[in-house]
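Raw contents of final_3.tsv, TSV, C-alpha atoms (C1' of nucleotides):
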chain	number	residue	atom	x	y	z
A	1	MET	CA	75.30	126.55	108.78
A	2	SER	CA	78.09	129.05	108.60
A	3	ALA	CA	81.37	128.50	106.84
A	4	GLU	CA	82.71	127.44	110.20
A	5	ASN	CA	81.22	123.99	109.74
A	6	LEU	CA	82.54	123.17	106.33
A	7	ILE	CA	85.38	121.28	107.92
A	8	ALA	CA	84.79	118.00	109.70
A	9	PRO	CA	85.76	117.84	113.38
A	10	GLY	CA	88.64	115.39	113.01
A	11	ASP	CA	89.79	116.56	109.62
A	12	THR	CA	93.47	115.83	109.08
A	13	SER	CA	93.69	118.67	106.60
A	14	THR	CA	93.04	121.30	109.25
A	15	LEU	CA	96.01	122.89	110.91
A	16	ARG	CA	96.36	124.37	114.36
A	17	ILE	CA	98.16	127.68	114.65
A	18	GLY	CA	101.36	126.04	115.87
A	19	GLU	CA	101.45	123.77	112.85
A	20	VAL	CA	101.08	126.69	110.50
A	21	ALA	CA	103.83	128.44	112.40
A	22	LYS	CA	106.14	125.47	112.09
A	23	ALA	CA	105.35	125.04	108.40
A	24	THR	CA	106.01	128.67	107.57
A	25	GLY	CA	108.76	129.53	110.00
A	26	LEU	CA	106.67	132.28	111.53
A	27	THR	CA	105.66	132.54	115.17
A	28	THR	CA	102.11	132.18	116.41
A	29	ARG	CA	102.34	135.78	117.54
A	30	THR	CA	102.97	136.90	113.99
A	31	LEU	CA	100.06	134.85	112.68
A	32	ARG	CA	97.70	136.42	115.21
A	33	TYR	CA	99.10	139.86	114.45
A	34	TRP	CA	98.56	139.38	110.73
A	35	GLU	CA	95.05	138.19	111.42
A	36	GLN	CA	94.44	141.33	113.43
A	37	LEU	CA	95.53	143.38	110.41
A	38	GLY	CA	93.18	141.40	108.19
A	39	LEU	CA	95.93	139.71	106.23
A	40	LEU	CA	95.30	136.10	107.09
A	41	SER	CA	92.24	134.66	108.80
A	42	PRO	CA	91.72	131.11	110.02
A	43	ASP	CA	89.29	129.14	107.89
A	44	SER	CA	87.28	128.15	110.94
A	45	HIS	CA	87.20	128.10	114.71
A	46	ARG	CA	86.46	125.43	117.24
A	47	GLU	CA	83.93	125.93	120.01
A	48	SER	CA	86.82	126.69	122.32
A	49	GLY	CA	87.92	129.51	120.05
A	50	GLU	CA	90.92	127.65	118.70
A	51	ARG	CA	91.93	128.80	115.23
A	52	LEU	CA	91.88	126.24	112.44
A	53	TYR	CA	93.64	126.76	109.13
A	54	THR	CA	93.85	124.88	105.86
A	55	SER	CA	96.98	124.42	103.78
A	56	GLY	CA	95.95	127.45	101.75
A	57	ALA	CA	97.08	129.54	104.68
A	58	ILE	CA	100.65	128.40	104.11
A	59	GLU	CA	100.57	129.57	100.51
A	60	ARG	CA	99.08	132.84	101.63
A	61	VAL	CA	101.89	133.32	104.10
A	62	GLY	CA	104.35	132.84	101.26
A	63	ARG	CA	102.54	135.46	99.26
A	64	ILE	CA	102.64	137.93	102.12
A	65	ARG	CA	106.35	137.37	102.74
A	66	GLU	CA	107.01	137.87	99.05
A	67	LEU	CA	105.36	141.24	99.05
A	68	GLN	CA	106.82	142.23	102.38
A	69	ASP	CA	110.42	141.12	102.00
A	70	LEU	CA	110.99	141.06	98.28
A	71	LEU	CA	109.17	144.23	97.37
A	72	GLY	CA	109.55	146.04	100.65
A	73	PHE	CA	105.83	146.60	101.12
A	74	SER	CA	104.47	147.54	104.52
A	75	LEU	CA	101.79	145.21	105.83
A	76	ALA	CA	99.23	147.89	104.99
A	77	GLU	CA	100.38	147.85	101.37
A	78	VAL	CA	100.42	144.08	101.38
A	79	LYS	CA	96.82	144.17	102.49
A	80	VAL	CA	95.83	146.32	99.53
A	81	VAL	CA	97.33	143.84	97.09
A	82	LEU	CA	95.86	140.84	98.85
A	83	ASP	CA	92.43	142.40	99.07
A	84	ALA	CA	92.55	143.03	95.36
A	85	GLU	CA	93.48	139.43	94.73
A	86	ASP	CA	90.67	138.28	96.97
A	87	ASP	CA	88.25	140.54	95.15
A	88	LEU	CA	89.36	139.04	91.89
A	89	ASP	CA	88.77	135.54	93.18
A	90	ARG	CA	85.32	136.57	94.26
A	91	VAL	CA	84.60	138.13	90.89
A	92	ARG	CA	85.66	134.91	89.23
A	93	SER	CA	83.52	132.64	91.35
A	94	ASP	CA	80.62	135.06	91.08
A	95	TYR	CA	81.12	134.99	87.36
A	96	ARG	CA	80.78	131.24	87.30
A	97	ALA	CA	77.84	131.29	89.71
A	98	ASN	CA	76.29	134.18	87.82
A	99	LYS	CA	75.54	135.80	91.10
A	100	THR	CA	76.03	139.54	91.09
A	101	ASP	CA	74.77	142.21	88.81
A	102	PRO	CA	76.83	142.23	85.59
A	103	ARG	CA	77.28	146.00	85.81
A	104	ARG	CA	78.82	145.78	89.25
A	105	ARG	CA	80.92	142.82	88.18
A	106	ARG	CA	82.25	144.69	85.21
A	107	ALA	CA	82.99	147.80	87.23
A	108	LEU	CA	84.87	145.81	89.84
A	109	LEU	CA	86.85	144.02	87.17
A	110	VAL	CA	87.84	147.30	85.57
A	111	ASP	CA	89.04	148.53	88.95
A	112	LEU	CA	91.06	145.41	89.49
A	113	ILE	CA	92.68	145.70	86.09
A	114	ALA	CA	93.62	149.29	86.82
A	115	ALA	CA	95.06	148.34	90.20
A	116	ASN	CA	97.03	145.55	88.63
A	117	ASP	CA	98.40	147.85	85.98
A	118	THR	CA	99.50	150.29	88.65
A	119	LEU	CA	101.29	147.54	90.49
A	120	LEU	CA	102.91	146.39	87.25
A	121	GLU	CA	104.21	149.88	86.56
A	122	ARG	CA	105.65	150.05	90.03
A	123	LEU	CA	107.31	146.68	89.59
A	124	ASP	CA	108.81	147.62	86.25
A	125	ASP	CA	110.09	150.86	87.68
A	126	THR	CA	111.66	149.04	90.59
A	127	VAL	CA	113.26	146.42	88.37
A	128	GLY	CA	114.64	149.11	86.10
A	129	ARG	CA	116.20	151.02	88.96
A	130	ILE	CA	117.71	147.93	90.53
A	131	GLN	CA	119.09	146.93	87.14
A	132	ALA	CA	120.71	150.33	86.80
A	133	PHE	CA	122.23	149.96	90.23
A	134	ARG	CA	123.38	146.48	89.38
A	135	ASP	CA	125.07	147.63	86.19
A	136	GLU	CA	126.82	150.33	88.13
A	137	ARG	CA	128.17	147.81	90.59
A	138	ALA	CA	129.21	145.50	87.78
A	139	ALA	CA	131.20	148.33	86.26
A	140	THR	CA	132.80	149.01	89.63
A	141	GLY	CA	133.74	145.36	89.79
A	142	LYS	CA	135.42	145.51	86.42
A	143	ARG	CA	137.37	148.59	87.40
A	144	MET	CA	138.51	146.95	90.62
A	145	ARG	CA	139.66	143.82	88.83
A	146	LYS	CA	141.56	145.96	86.39
A	147	THR	CA	143.24	147.80	89.23
A	148	LEU	CA	144.13	144.47	90.77
A	149	ARG	CA	145.68	143.23	87.55
A	150	GLU	CA	147.73	146.40	87.27
A	151	LEU	CA	148.87	145.99	90.83
A	152	ASP	CA	149.95	142.42	90.18
A	153	ALA	CA	151.67	143.30	86.90
A	154	GLU	CA	153.58	146.04	88.64
A	155	HIS	CA	154.68	143.68	91.36
A	156	SER	CA	155.82	140.93	89.04
A	157	ALA	CA	157.78	143.53	87.07
A	158	THR	CA	159.65	144.89	90.09
A	159	SER	CA	160.22	141.46	91.58
A	160	ARG	CA	162.37	140.10	88.84
B	1	MET	CA	145.71	172.69	109.62
B	2	SER	CA	143.08	170.03	109.83
B	3	ALA	CA	140.60	169.22	107.11
B	4	GLU	CA	138.24	171.55	108.90
B	5	ASN	CA	139.95	174.54	107.35
B	6	LEU	CA	139.91	173.52	103.73
B	7	ILE	CA	136.79	175.58	103.21
B	8	ALA	CA	136.90	179.34	103.22
B	9	PRO	CA	134.73	181.15	105.80
B	10	GLY	CA	132.28	182.73	103.34
B	11	ASP	CA	132.32	179.94	100.82
B	12	THR	CA	129.10	179.83	98.84
B	13	SER	CA	129.63	176.16	98.12
B	14	THR	CA	129.19	175.18	101.77
B	15	LEU	CA	125.73	174.22	102.90
B	16	ARG	CA	124.14	174.52	106.31
B	17	ILE	CA	122.17	171.58	107.55
B	18	GLY	CA	118.85	173.20	106.71
B	19	GLU	CA	119.93	173.72	103.13
B	20	VAL	CA	120.92	170.11	102.75
B	21	ALA	CA	117.58	169.16	104.25
B	22	LYS	CA	115.70	171.33	101.80
B	23	ALA	CA	117.73	170.07	98.86
B	24	THR	CA	117.18	166.43	99.73
B	25	GLY	CA	113.72	166.49	101.21
B	26	LEU	CA	114.99	165.07	104.47
B	27	THR	CA	114.68	166.68	107.88
B	28	THR	CA	117.60	168.01	109.86
B	29	ARG	CA	116.79	165.37	112.45
B	30	THR	CA	117.35	162.63	109.91
B	31	LEU	CA	120.64	164.14	108.79
B	32	ARG	CA	121.89	164.25	112.38
B	33	TYR	CA	120.64	160.73	112.98
B	34	TRP	CA	122.45	159.44	109.92
B	35	GLU	CA	125.57	161.22	111.06
B	36	GLN	CA	125.27	159.49	114.41
B	37	LEU	CA	125.13	156.16	112.57
B	38	GLY	CA	128.23	157.10	110.60
B	39	LEU	CA	126.43	157.34	107.28
B	40	LEU	CA	126.94	160.97	106.43
B	41	SER	CA	129.30	163.39	108.14
B	42	PRO	CA	129.59	167.12	107.58
B	43	ASP	CA	132.73	168.12	105.71
B	44	SER	CA	133.61	170.69	108.34
B	45	HIS	CA	132.38	172.53	111.40
B	46	ARG	CA	132.37	176.16	112.38
B	47	GLU	CA	133.74	177.34	115.70
B	48	SER	CA	130.19	177.44	116.96
B	49	GLY	CA	129.78	173.78	116.17
B	50	GLU	CA	127.54	174.37	113.18
B	51	ARG	CA	127.74	171.60	110.60
B	52	LEU	CA	128.90	172.52	107.12
B	53	TYR	CA	128.36	170.29	104.12
B	54	THR	CA	129.40	170.36	100.50
B	55	SER	CA	127.21	169.41	97.56
B	56	GLY	CA	128.69	165.93	97.73
B	57	ALA	CA	126.51	165.35	100.74
B	58	ILE	CA	123.43	165.67	98.55
B	59	GLU	CA	124.67	162.95	96.24
B	60	ARG	CA	125.50	160.80	99.19
B	61	VAL	CA	121.98	161.21	100.50
B	62	GLY	CA	120.69	160.02	97.16
B	63	ARG	CA	122.93	157.00	97.38
B	64	ILE	CA	121.67	156.18	100.87
B	65	ARG	CA	118.03	156.53	99.87
B	66	GLU	CA	118.66	154.30	96.90
B	67	LEU	CA	119.99	151.53	99.07
B	68	GLN	CA	117.39	152.07	101.76
B	69	ASP	CA	114.23	152.45	99.73
B	70	LEU	CA	114.98	150.72	96.48
B	71	LEU	CA	116.80	147.73	97.85
B	72	GLY	CA	115.19	147.63	101.26
B	73	PHE	CA	118.45	147.77	103.16
B	74	SER	CA	118.51	148.70	106.81
B	75	LEU	CA	120.71	151.65	107.67
B	76	ALA	CA	123.22	149.21	109.13
B	77	GLU	CA	123.39	147.39	105.79
B	78	VAL	CA	123.62	150.69	103.97
B	79	LYS	CA	126.61	151.55	106.12
B	80	VAL	CA	128.40	148.37	105.08
B	81	VAL	CA	128.00	149.20	101.41
B	82	LEU	CA	128.96	152.82	101.87
B	83	ASP	CA	131.99	151.96	103.96
B	84	ALA	CA	133.11	149.62	101.20
B	85	GLU	CA	132.71	152.37	98.64
B	86	ASP	CA	134.66	154.75	100.83
B	87	ASP	CA	137.38	152.15	101.26
B	88	LEU	CA	137.56	151.76	97.52
B	89	ASP	CA	137.92	155.50	97.06
B	90	ARG	CA	140.72	155.48	99.58
B	91	VAL	CA	142.42	152.57	97.87
B	92	ARG	CA	142.23	154.44	94.61
B	93	SER	CA	143.69	157.66	95.94
B	94	ASP	CA	146.32	155.72	97.85
B	95	TYR	CA	147.10	153.93	94.65
B	96	ARG	CA	147.76	157.19	92.88
B	97	ALA	CA	149.67	158.61	95.83
B	98	ASN	CA	151.54	155.35	96.23
B	99	LYS	CA	151.02	155.60	99.93
B	100	THR	CA	150.24	152.32	101.60
B	101	ASP	CA	152.00	149.01	101.52
B	102	PRO	CA	151.20	147.20	98.25
B	103	ARG	CA	150.43	144.00	100.11
B	104	ARG	CA	147.79	145.70	102.24
B	105	ARG	CA	146.42	147.51	99.23
B	106	ARG	CA	146.08	144.29	97.33
B	107	ALA	CA	144.42	142.51	100.22
B	108	LEU	CA	141.93	145.32	100.69
B	109	LEU	CA	141.15	145.36	97.02
B	110	VAL	CA	140.51	141.63	97.01
B	111	ASP	CA	138.12	142.07	99.91
B	112	LEU	CA	136.29	144.85	98.14
B	113	ILE	CA	135.93	142.76	95.00
B	114	ALA	CA	134.51	139.91	97.02
B	115	ALA	CA	132.06	142.21	98.80
B	116	ASN	CA	131.00	143.68	95.49
B	117	ASP	CA	130.44	140.25	94.02
B	118	THR	CA	128.30	139.29	96.98
B	119	LEU	CA	126.21	142.40	96.52
B	120	LEU	CA	125.91	141.67	92.81
B	121	GLU	CA	124.61	138.19	93.51
B	122	ARG	CA	122.08	139.58	95.91
B	123	LEU	CA	120.96	142.13	93.35
B	124	ASP	CA	120.60	139.55	90.61
B	125	ASP	CA	118.61	137.32	92.90
B	126	THR	CA	116.32	140.16	93.84
B	127	VAL	CA	115.81	141.22	90.25
B	128	GLY	CA	115.03	137.66	89.24
B	129	ARG	CA	112.44	137.25	91.93
B	130	ILE	CA	110.77	140.54	91.21
B	131	GLN	CA	110.72	139.66	87.53
B	132	ALA	CA	108.98	136.40	88.33
B	133	PHE	CA	106.45	138.23	90.41
B	134	ARG	CA	105.99	140.77	87.67
B	135	ASP	CA	105.36	138.09	85.06
B	136	GLU	CA	102.80	136.52	87.33
B	137	ARG	CA	100.95	139.81	87.66
B	138	ALA	CA	101.15	140.36	83.90
B	139	ALA	CA	99.51	136.98	83.38
B	140	THR	CA	96.81	137.90	85.87
B	141	GLY	CA	96.24	141.08	83.92
B	142	LYS	CA	95.79	139.17	80.70
B	143	ARG	CA	93.31	136.82	82.33
B	144	MET	CA	91.32	139.69	83.71
B	145	ARG	CA	91.17	141.45	80.36
B	146	LYS	CA	89.97	138.24	78.78
B	147	THR	CA	87.26	137.89	81.40
B	148	LEU	CA	86.26	141.48	80.71
B	149	ARG	CA	86.02	140.84	76.97
B	150	GLU	CA	83.87	137.79	77.60
B	151	LEU	CA	81.64	139.81	79.86
B	152	ASP	CA	81.20	142.48	77.22
B	153	ALA	CA	80.62	139.97	74.43
B	154	GLU	CA	77.96	138.29	76.49
B	155	HIS	CA	76.24	141.57	77.15
B	156	SER	CA	76.25	142.69	73.55
B	157	ALA	CA	74.80	139.31	72.58
B	158	THR	CA	71.88	139.46	74.99
B	159	SER	CA	71.20	143.11	74.33
B	160	ARG	CA	70.17	142.72	70.72
C	1	DT	C1'	122.42	196.87	117.17
C	2	DC	C1'	118.47	194.22	117.09
C	3	DC	C1'	115.52	190.82	115.71
C	4	DT	C1'	114.07	186.78	113.59
C	5	DA	C1'	115.33	182.54	111.76
C	6	DC	C1'	118.57	178.90	112.11
C	7	DT	C1'	121.31	175.58	114.64
C	8	DT	C1'	122.98	173.03	118.75
C	9	DT	C1'	122.41	169.31	122.28
C	10	DT	C1'	119.39	166.71	125.18
C	11	DA	C1'	115.60	164.05	125.87
C	12	DC	C1'	111.29	162.06	125.58
C	13	DG	C1'	107.50	160.41	122.15
C	14	DT	C1'	105.82	157.58	118.11
C	15	DT	C1'	104.97	154.03	114.66
C	16	DG	C1'	105.32	149.42	112.62
C	17	DA	C1'	106.13	144.80	113.36
C	18	DC	C1'	106.57	142.01	116.10
C	19	DG	C1'	108.71	139.44	121.07
C	20	DT	C1'	107.69	137.98	125.61
C	21	DC	C1'	105.49	136.90	129.63
C	22	DA	C1'	101.12	135.61	132.47
C	23	DA	C1'	96.88	133.44	133.67
C	24	DA	C1'	93.47	130.51	132.25
C	25	DG	C1'	91.45	127.11	129.68
C	26	DA	C1'	91.59	123.22	125.99
C	27	DC	C1'	93.81	118.92	123.51
C	28	DC	C1'	95.07	114.57	123.40
C	29	DG	C1'	98.00	110.42	124.04
C	30	DT	C1'	98.45	106.94	127.63
D	1	DA	C1'	91.10	110.58	134.15
D	2	DC	C1'	95.60	112.73	134.07
D	3	DG	C1'	99.39	115.54	132.81
D	4	DG	C1'	102.31	117.64	129.61
D	5	DT	C1'	101.66	120.44	125.58
D	6	DC	C1'	99.09	123.73	123.00
D	7	DT	C1'	96.14	127.68	122.50
D	8	DT	C1'	93.56	131.86	124.06
D	9	DT	C1'	93.37	136.72	125.28
D	10	DG	C1'	95.47	140.49	127.27
D	11	DA	C1'	99.24	143.49	128.30
D	12	DC	C1'	103.75	145.17	128.41
D	13	DG	C1'	108.58	145.26	126.11
D	14	DT	C1'	111.67	146.09	122.12
D	15	DC	C1'	114.07	147.79	118.12
D	16	DA	C1'	114.80	150.75	114.12
D	17	DA	C1'	114.09	155.08	112.28
D	18	DC	C1'	112.92	158.78	113.00
D	19	DG	C1'	109.41	163.03	115.16
D	20	DT	C1'	108.95	166.67	118.38
D	21	DA	C1'	109.70	169.83	122.03
D	22	DA	C1'	112.81	172.59	125.05
D	23	DA	C1'	116.48	175.58	126.25
D	24	DA	C1'	120.33	177.99	124.77
D	25	DG	C1'	123.50	179.88	121.61
D	26	DT	C1'	124.47	181.81	116.64
D	27	DA	C1'	123.85	184.00	111.80
D	28	DG	C1'	123.05	187.49	109.20
D	29	DG	C1'	120.05	191.02	107.10
D	30	DA	C1'	117.45	195.80	108.00

Is it possible to express this structure as structure tokens?
Amino acid sequence: MSAENLIAPGDTSTLRIGEVAKATGLTTRTLRYWEQLGLLSPDSHRESGERLYTSGAIERVGRIRELQDLLGFSLAEVKVVLDAEDDLDRVRSDYRANKTDPRRRRALLVDLIAANDTLLERLDDTVGRIQAFRDERAATGKRMRKTLRELDAEHSATSR
Amino acid sequence: MSAENLIAPGDTSTLRIGEVAKATGLTTRTLRYWEQLGLLSPDSHRESGERLYTSGAIERVGRIRELQDLLGFSLAEVKVVLDAEDDLDRVRSDYRANKTDPRRRRALLVDLIAANDTLLERLDDTVGRIQAFRDERAATGKRMRKTLRELDAEHSATSR
DNA sequence: TCCTACTTTTACGTTGACGTCAAAGACCGT
DNA sequence: ACGGTCTTTGACGTCAACGTAAAAGTAGGA
């Protein structure tokens, strides 16, 4: 009756925690830790308590790593972004199913747009600052190459 | 005779650790910790052992924070970059003073250029990936705004 | 000179993000 | 049915990057 039973017992598309670990390069410990933080939950459980995932979990792991490594977010910050994405998915399916009150739906959507805009601003700011840093290093590189050329010219002059 | 005495006793341009902390927003603990890691050393010491900094320390703190926060470097990685920058400064002053063996100078310069290029590649890669992420979020934003418009259109249609 | 604020070293505590056992039960290919 | 492999829930360990507290000495203004 619950979502737990949406997956057939011998389904080949379900993954055990070790398989998810192998597919993502994470450890089972990390997967359980992330679950504890509410970042990534198994899609179902067996009677024994064994966690069962779908392939969507692998994509989600990629998403988390992206936020964590690439953008330097803490797992708490990652959770905020992921929760927002999940909310958006829910809004979308609710929209199709015409489930919730339109007022609430609209309000939630407005919140999500605002959150997304905030994230976008942060991303743009970050990109801009890294670009500036990059340009600085590029200039340093040019100066060093120039110094090197001078050094070599000097040497070839004195050596003949 | 040592570099310790290049600063006059009552020099207003020397900063005590608390002043550097206040100017940078760090704690004195952090400054001492960074010193222990070889990231930021005082320019001199008093007889009593009190650390004395110049305003250059404040800039250096900014540099460290940039690498640490903006680029997500560990302090060990930050040290690599900073050491390279310091080496470059030394190469430059040695170049002017004509101090070291030209062969060594050239070799060091080549190393620094290579290190810089590596860093540049890493920066470009990072920027590219963040850009991709950014574009993705921008697209999400557009979709959400469209959904919102549809929602509002629907409402205005049923309300009259 | 005195007093308060600052600084020193030493050392233990904390937080986030996991790693690493241990004991017990569950899976599954043969 | 069996045995090696996997998974479960604790619980303790670790590492980076500091925080915090203690005890003692120092700076510098009234």

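Here CA of Arg122 (chain A) and CA of Gly62 (chain A) stand 20.6 Å from one another.
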
When you get a sec, could you note down which chain A residues fall within 10 Å of chain C, using all atoms listed in the file, as a PyMOL selection string? chain A and resi 27+29-30+33-34+48-50+74-76

Could you list, as a VMD selection string, every residue of chain D that has an atom within 9 Å of an atom of chain B, counting only C-alpha atoms (C1' of nucleotides)? chain D and resid 16 to 19 25 to 26

Padding 6 Å on each side, edges along x, y and z: where is the centre of the box around the listed atoms of region 76-92 of chain B, and how long are its edges in Å to one decimal? Output it as lines of an AutoDock Vina configuration file.
center_x = 132.8
center_y = 151.4
center_z = 101.9
size_x = 31.2
size_y = 20.1
size_z = 26.5

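If you look at CA of Leu108 (chain B) and CA of Gly72 (chain B), they are 26.8 Å away from each other.
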
Can you list every residue of chain A that has an atom at most 8 Å from chain B, with its nearest atom pair and the distance in Å to one decimal, using all atoms listed in the file, ordered by chain then number, as CSV?
residue,atom,partner,partner_atom,distance
A:Leu70,CA,B:Thr126,CA,7.0
A:Leu71,CA,B:Ile130,CA,7.4
A:Gly72,CA,B:Gly72,CA,5.9
A:Pro102,CA,B:Leu151,CA,7.9
A:Arg106,CA,B:Leu148,CA,6.8
A:Leu109,CA,B:Leu148,CA,7.0
A:Val110,CA,B:Leu148,CA,7.7
A:Ile113,CA,B:Gly141,CA,6.2
A:Asn116,CA,B:Gly141,CA,6.5
A:Asp117,CA,B:Gly141,CA,7.4
A:Leu120,CA,B:Arg134,CA,6.4
A:Leu123,CA,B:Arg134,CA,6.4
A:Asp124,CA,B:Arg134,CA,7.5
A:Thr126,CA,B:Leu70,CA,7.0
A:Val127,CA,B:Val127,CA,6.1
A:Arg129,CA,B:Leu70,CA,7.6
A:Ile130,CA,B:Val127,CA,7.0
A:Gln131,CA,B:Val127,CA,7.3
A:Arg134,CA,B:Leu123,CA,6.4
A:Arg137,CA,B:Leu120,CA,6.9
A:Ala138,CA,B:Leu120,CA,7.1
A:Gly141,CA,B:Ile113,CA,6.2
A:Met144,CA,B:Ile113,CA,6.6
A:Arg145,CA,B:Ile113,CA,7.3
A:Leu148,CA,B:Arg106,CA,6.8
A:Leu151,CA,B:Arg106,CA,7.3

Computed interatomic separation between CA of Glu47 (chain A) and C1' of DT8 (chain D) (Å): 12.0 Å
